Amino acid sequence: MIIVDELPFMFVEGEGFKEFMEVTQPSHKGDDIGMTVESCLLNWGIKRVFTVTVDNASSNDVAIAYLKKKIVGWGFSILNCKYLHMRCIAHIINLVVVDGLKETNVSVKGVREALRYIRQSPARLQKFKSCCEMEGIESKSSLCLDVCTRWNSTYLMLNVAKKFENAFDRYATIDPCFKLDLQSSDGLPDSLDWENVRRLVDFLGHFYDLTLRISGSQYVTSNIFLMRSVQLIVYCKSGKE
């Protein structure tokens with residue numbers, strides 16, 4: 001808006017703009033969130049609330065505390081709102097996986113840098129395609145980079161990259177700059193790195209599948225996440241043992 005309409009940057013300091021933004025982008029303070037949810041419930045005519053699902057932000061703790069008082073005051077509380085605060089399992093899964101990715105960070109970073117190098121120019125991509133043909137690799141998937149802060153994109157990146165392990169090795173023999181460039185980071189991914197990647201893809205696949213199942217917006221999900229979570233816990237423990 002500022003660039004297109006050639007407005008001065010100080011425009012955002014105006015009282016009118018601030019008032020406008022308070023409406024379009026409400027405050028994320030706990031009490032404000034609670035009042036917003038309360039307003040929605042009243043407008044929808046909903047007073048019997050069993051659970052409210054939110055992530056683990058501290059402001060949400062304040063919001064839920066506010067809602068508990070209001071719902072109890074309405075006289076329609078279920079179990080005195082004991083289970084009102086249902087923490088988002090998708091957010092919990094995200095925290096668990098991001099923490100776990102730290103264990104294989106070196107291998108993941110090596111593959112990421114190799115992908116970034118090849119994707120930097122059409123000429124490199126063409127050379128890489130030739131390497132794939134020479135190695136007899138046929139895949140409709142194309143090389144993709146991840147967003148480091150989103151583990152699901154890392155999973156998708158690695159799931160594709162692992163199919164081209166031999167092509168990466170061959171590419172290193174025809175482009176001497178490839179190894180030199182990667183040596184400035186963590187070096188060219190070796191067989192151990194690729195083995196780590198394959199294991200990580202298999203591991204993350206279970207979490208990716210669960211995330212897809214519980215992220216539906218057009219159907220109920222609370223009846224399916226519990227058993228899948230238990231299965232994942234058993235899977236993780238068996239892997240450690």
# chains A, B, ... in the order shown; residues from 1 in each chain; ligands from 1
$ residues_around --residues "range 186-203 of chain A" --least-positions-apart "2" --cutoff "12 Å" --atoms "only C-alpha atoms" --output "PyMOL selection string"
chain A and resi 97+100-115+117+151-166+168-173+176-184+205-210+232+235-236+239-240
$ residues_around --residues "Lys29 in chain A" --least-positions-apart "2" --cutoff "12 Å" --atoms "only C-alpha atoms" --output "ChimeraX atom specification"
/A:25-27,31-36,57-64,66
$ write_last_selection --atoms "C-alpha atoms" --output "tab-separated table (two decimals), in the first residue's frame"
chain	number	residue	atom	x	y	z
A	25	GLN	CA	-5.04	-7.13	13.45
A	26	PRO	CA	-6.35	-7.42	17.01
A	27	SER	CA	-4.08	-7.58	20.02
A	31	ASP	CA	-7.58	-11.15	27.88
A	32	ASP	CA	-8.22	-9.79	24.38
A	33	ILE	CA	-8.12	-13.31	22.93
A	34	GLY	CA	-10.49	-14.55	25.64
A	35	MET	CA	-12.96	-11.73	25.01
A	36	THR	CA	-12.85	-12.36	21.25
A	57	ALA	CA	1.62	-19.65	23.96
A	58	SER	CA	1.45	-18.08	27.43
A	59	SER	CA	-1.21	-15.62	26.23
A	60	ASN	CA	-3.49	-18.58	25.56
A	61	ASP	CA	-3.21	-19.66	29.21
A	62	VAL	CA	-4.56	-16.24	30.18
A	63	ALA	CA	-7.30	-16.47	27.55
A	64	ILE	CA	-8.46	-19.88	28.79
A	66	TYR	CA	-10.72	-15.79	31.31
$ select_by_dssp --residues "range 17-240 of chain A" --states "helix (DSSP H, G or I)" --output "VMD selection string"
chain A and resid 17 to 24 30 to 44 58 to 74 79 to 81 89 to 118 122 to 134 151 to 174 176 to 183 191 to 214 225 to 240
$ write_last_selection --atoms "C-alpha atoms" --output "compact mmCIF listing (two decimals), in the first residue's frame"
# COMPACT_ATOMS: atom_id res chain seq x y z
CA PHE A 17 -3.87 3.98 10.69
CA LYS A 18 -3.26 2.65 14.21
CA GLU A 19 -7.00 2.50 14.88
CA PHE A 20 -7.55 0.73 11.57
CA MET A 21 -4.88 -1.88 12.35
CA GLU A 22 -6.36 -2.58 15.78
CA VAL A 23 -9.50 -3.72 14.00
CA THR A 24 -7.80 -5.72 11.22
CA GLY A 30 -4.55 -13.12 26.68
CA ASP A 31 -7.58 -11.15 27.88
CA ASP A 32 -8.22 -9.79 24.38
CA ILE A 33 -8.12 -13.31 22.93
CA GLY A 34 -10.49 -14.55 25.64
CA MET A 35 -12.96 -11.73 25.01
CA THR A 36 -12.85 -12.36 21.25
CA VAL A 37 -13.64 -16.06 21.72
CA GLU A 38 -16.35 -15.17 24.24
CA SER A 39 -17.93 -12.81 21.72
CA CYS A 40 -17.91 -15.53 19.05
CA LEU A 41 -19.54 -18.08 21.38
CA LEU A 42 -22.28 -15.63 22.35
CA ASN A 43 -22.94 -14.69 18.71
CA TRP A 44 -23.16 -18.37 17.77
CA SER A 58 1.45 -18.08 27.43
CA SER A 59 -1.21 -15.62 26.23
CA ASN A 60 -3.49 -18.58 25.56
CA ASP A 61 -3.21 -19.66 29.21
CA VAL A 62 -4.56 -16.24 30.18
CA ALA A 63 -7.30 -16.47 27.55
CA ILE A 64 -8.46 -19.88 28.79
CA ALA A 65 -8.48 -18.68 32.41
CA TYR A 66 -10.72 -15.79 31.31
CA LEU A 67 -13.06 -18.14 29.43
CA LYS A 68 -13.32 -20.52 32.39
CA LYS A 69 -14.68 -17.75 34.58
CA LYS A 70 -17.18 -16.69 31.95
CA ILE A 71 -18.42 -20.19 31.08
CA VAL A 72 -18.78 -21.16 34.75
CA GLY A 73 -20.71 -17.93 35.26
CA TRP A 74 -23.09 -18.89 32.46
CA LEU A 79 -17.05 -30.87 34.63
CA ASN A 80 -16.50 -27.33 35.93
CA CYS A 81 -14.32 -26.60 32.86
CA ILE A 89 -1.36 -31.71 19.40
CA ALA A 90 -0.10 -30.41 16.05
CA HIS A 91 1.93 -27.77 17.88
CA ILE A 92 3.25 -30.34 20.36
CA ILE A 93 4.28 -32.65 17.50
CA ASN A 94 6.05 -29.73 15.85
CA LEU A 95 8.05 -28.99 19.02
CA VAL A 96 9.01 -32.67 19.44
CA VAL A 97 10.16 -33.11 15.85
CA VAL A 98 12.09 -29.81 15.67
CA ASP A 99 13.96 -30.85 18.81
CA GLY A 100 14.66 -34.29 17.36
CA LEU A 101 15.99 -32.85 14.10
CA LYS A 102 18.90 -31.37 16.04
CA GLU A 103 20.34 -34.88 16.38
CA THR A 104 20.89 -35.18 12.60
CA ASN A 105 21.43 -31.51 11.84
CA VAL A 106 24.82 -32.01 10.15
CA SER A 107 23.52 -34.57 7.64
CA VAL A 108 20.43 -32.52 6.87
CA LYS A 109 22.47 -29.36 6.42
CA GLY A 110 24.84 -31.14 4.02
CA VAL A 111 21.99 -32.30 1.78
CA ARG A 112 20.36 -28.87 1.95
CA GLU A 113 23.57 -27.12 0.82
CA ALA A 114 24.03 -29.62 -2.04
CA LEU A 115 20.48 -28.95 -3.22
CA ARG A 116 20.95 -25.19 -2.94
CA TYR A 117 24.11 -25.33 -5.07
CA ILE A 118 22.48 -27.29 -7.89
CA PRO A 122 19.61 -23.70 -14.97
CA ALA A 123 22.97 -24.97 -16.27
CA ARG A 124 23.62 -26.88 -13.03
CA LEU A 125 20.13 -28.33 -13.07
CA GLN A 126 20.64 -29.52 -16.64
CA LYS A 127 23.92 -31.18 -15.68
CA PHE A 128 22.19 -32.83 -12.75
CA LYS A 129 19.43 -34.16 -15.02
CA SER A 130 22.12 -35.69 -17.21
CA CYS A 131 23.60 -37.37 -14.14
CA CYS A 132 20.18 -38.79 -13.30
CA GLU A 133 19.87 -40.24 -16.81
CA MET A 134 23.33 -41.79 -16.59
CA TRP A 151 10.03 -29.58 9.74
CA ASN A 152 7.35 -30.87 7.35
CA SER A 153 9.06 -29.06 4.47
CA THR A 154 12.37 -30.61 5.59
CA TYR A 155 10.73 -34.03 5.43
CA LEU A 156 9.47 -33.37 1.88
CA MET A 157 12.89 -32.10 0.81
CA LEU A 158 14.73 -35.15 2.16
CA ASN A 159 12.11 -37.58 0.88
CA VAL A 160 12.81 -36.37 -2.66
CA ALA A 161 16.57 -35.89 -2.28
CA LYS A 162 17.25 -39.45 -1.07
CA LYS A 163 16.13 -40.79 -4.47
CA PHE A 164 19.01 -38.93 -6.15
CA GLU A 165 21.93 -40.03 -3.96
CA ASN A 166 23.86 -41.60 -6.87
CA ALA A 167 23.18 -38.58 -9.08
CA PHE A 168 24.73 -36.29 -6.47
CA ASP A 169 27.83 -38.49 -6.35
CA ARG A 170 28.16 -38.44 -10.14
CA TYR A 171 27.60 -34.70 -10.28
CA ALA A 172 30.56 -34.22 -7.95
CA THR A 173 32.81 -35.88 -10.57
CA ILE A 174 31.83 -33.50 -13.40
CA PRO A 176 34.83 -29.58 -9.45
CA CYS A 177 33.33 -26.41 -7.97
CA PHE A 178 30.62 -28.53 -6.33
CA LYS A 179 32.97 -30.05 -3.73
CA LEU A 180 34.87 -26.79 -3.26
CA ASP A 181 31.68 -24.88 -2.56
CA LEU A 182 30.34 -27.45 -0.09
CA GLN A 183 33.66 -27.69 1.74
CA SER A 191 27.19 -42.50 2.59
CA LEU A 192 26.69 -42.06 6.35
CA ASP A 193 24.85 -38.81 5.78
CA TRP A 194 22.53 -40.44 3.25
CA GLU A 195 21.90 -43.33 5.62
CA ASN A 196 20.94 -40.80 8.29
CA VAL A 197 18.63 -39.11 5.79
CA ARG A 198 16.87 -42.39 4.91
CA ARG A 199 16.33 -43.21 8.58
CA LEU A 200 15.12 -39.68 9.27
CA VAL A 201 12.66 -39.79 6.37
CA ASP A 202 11.22 -43.06 7.66
CA PHE A 203 10.96 -41.60 11.16
CA LEU A 204 9.43 -38.28 10.11
CA GLY A 205 6.97 -40.02 7.80
CA HIS A 206 4.95 -41.22 10.78
CA PHE A 207 4.71 -37.71 12.22
CA TYR A 208 3.90 -36.25 8.81
CA ASP A 209 1.05 -38.71 8.36
CA LEU A 210 -0.31 -37.93 11.83
CA THR A 211 -0.10 -34.18 11.19
CA LEU A 212 -2.15 -34.57 8.02
CA ARG A 213 -4.76 -36.63 9.85
CA ILE A 214 -5.26 -34.17 12.69
CA PHE A 225 -5.38 -38.48 17.28
CA LEU A 226 -5.26 -40.34 20.61
CA MET A 227 -4.61 -43.84 19.26
CA ARG A 228 -2.18 -42.54 16.65
CA SER A 229 -0.28 -40.68 19.37
CA VAL A 230 -0.06 -43.85 21.46
CA GLN A 231 1.22 -45.77 18.43
CA LEU A 232 3.90 -43.13 17.85
CA ILE A 233 5.01 -43.28 21.47
CA VAL A 234 5.38 -47.07 21.22
CA TYR A 235 7.23 -46.69 17.91
CA CYS A 236 9.68 -44.14 19.35
CA LYS A 237 10.37 -46.24 22.45
CA SER A 238 10.93 -49.40 20.41
CA GLY A 239 13.38 -47.51 18.20
CA LYS A 240 15.41 -46.34 21.18
$ select_by_dssp --residues "range 30-213 of chain A" --states "strand (DSSP E)" --output "PDB file with N, CA and C atoms, in the first residue's frame"
ATOM      1  N   VAL A  52     -11.451 -26.164  24.419  1.00  0.00           N
ATOM      2  CA  VAL A  52     -10.988 -25.167  23.455  1.00  0.00           C
ATOM      3  C   VAL A  52      -9.540 -25.515  23.132  1.00  0.00           C
ATOM      4  N   THR A  53      -9.245 -25.729  21.848  1.00  0.00           N
ATOM      5  CA  THR A  53      -7.902 -26.148  21.447  1.00  0.00           C
ATOM      6  C   THR A  53      -7.069 -24.945  21.016  1.00  0.00           C
ATOM      7  N   VAL A  54      -5.960 -24.736  21.683  1.00  0.00           N
ATOM      8  CA  VAL A  54      -5.021 -23.658  21.351  1.00  0.00           C
ATOM      9  C   VAL A  54      -3.600 -24.179  21.523  1.00  0.00           C
ATOM     10  N   HIS A  85      -9.042 -26.460  28.596  1.00  0.00           N
ATOM     11  CA  HIS A  85      -7.818 -26.143  27.849  1.00  0.00           C
ATOM     12  C   HIS A  85      -7.249 -27.404  27.204  1.00  0.00           C
ATOM     13  N   MET A  86      -7.474 -27.580  25.911  1.00  0.00           N
ATOM     14  CA  MET A  86      -6.911 -28.705  25.167  1.00  0.00           C
ATOM     15  C   MET A  86      -5.751 -28.182  24.315  1.00  0.00           C
ATOM     16  N   ARG A  87      -4.556 -28.532  24.693  1.00  0.00           N
ATOM     17  CA  ARG A  87      -3.382 -28.028  23.964  1.00  0.00           C
ATOM     18  C   ARG A  87      -3.283 -28.684  22.596  1.00  0.00           C
TER      19      ARG A  87
END
$ atom_distance --atom1 "CA of Phe50 in chain A" --atom2 "CA of Tyr83 in chain A"
6.9 Å
$ atom_distance --atom1 "CA of Ile3 in chain A" --atom2 "CA of His28 in chain A"
27.4 Å
$ atom_distance --atom1 "CA of Leu84 in chain A" --atom2 "CA of Asn56 in chain A"
13.9 Å
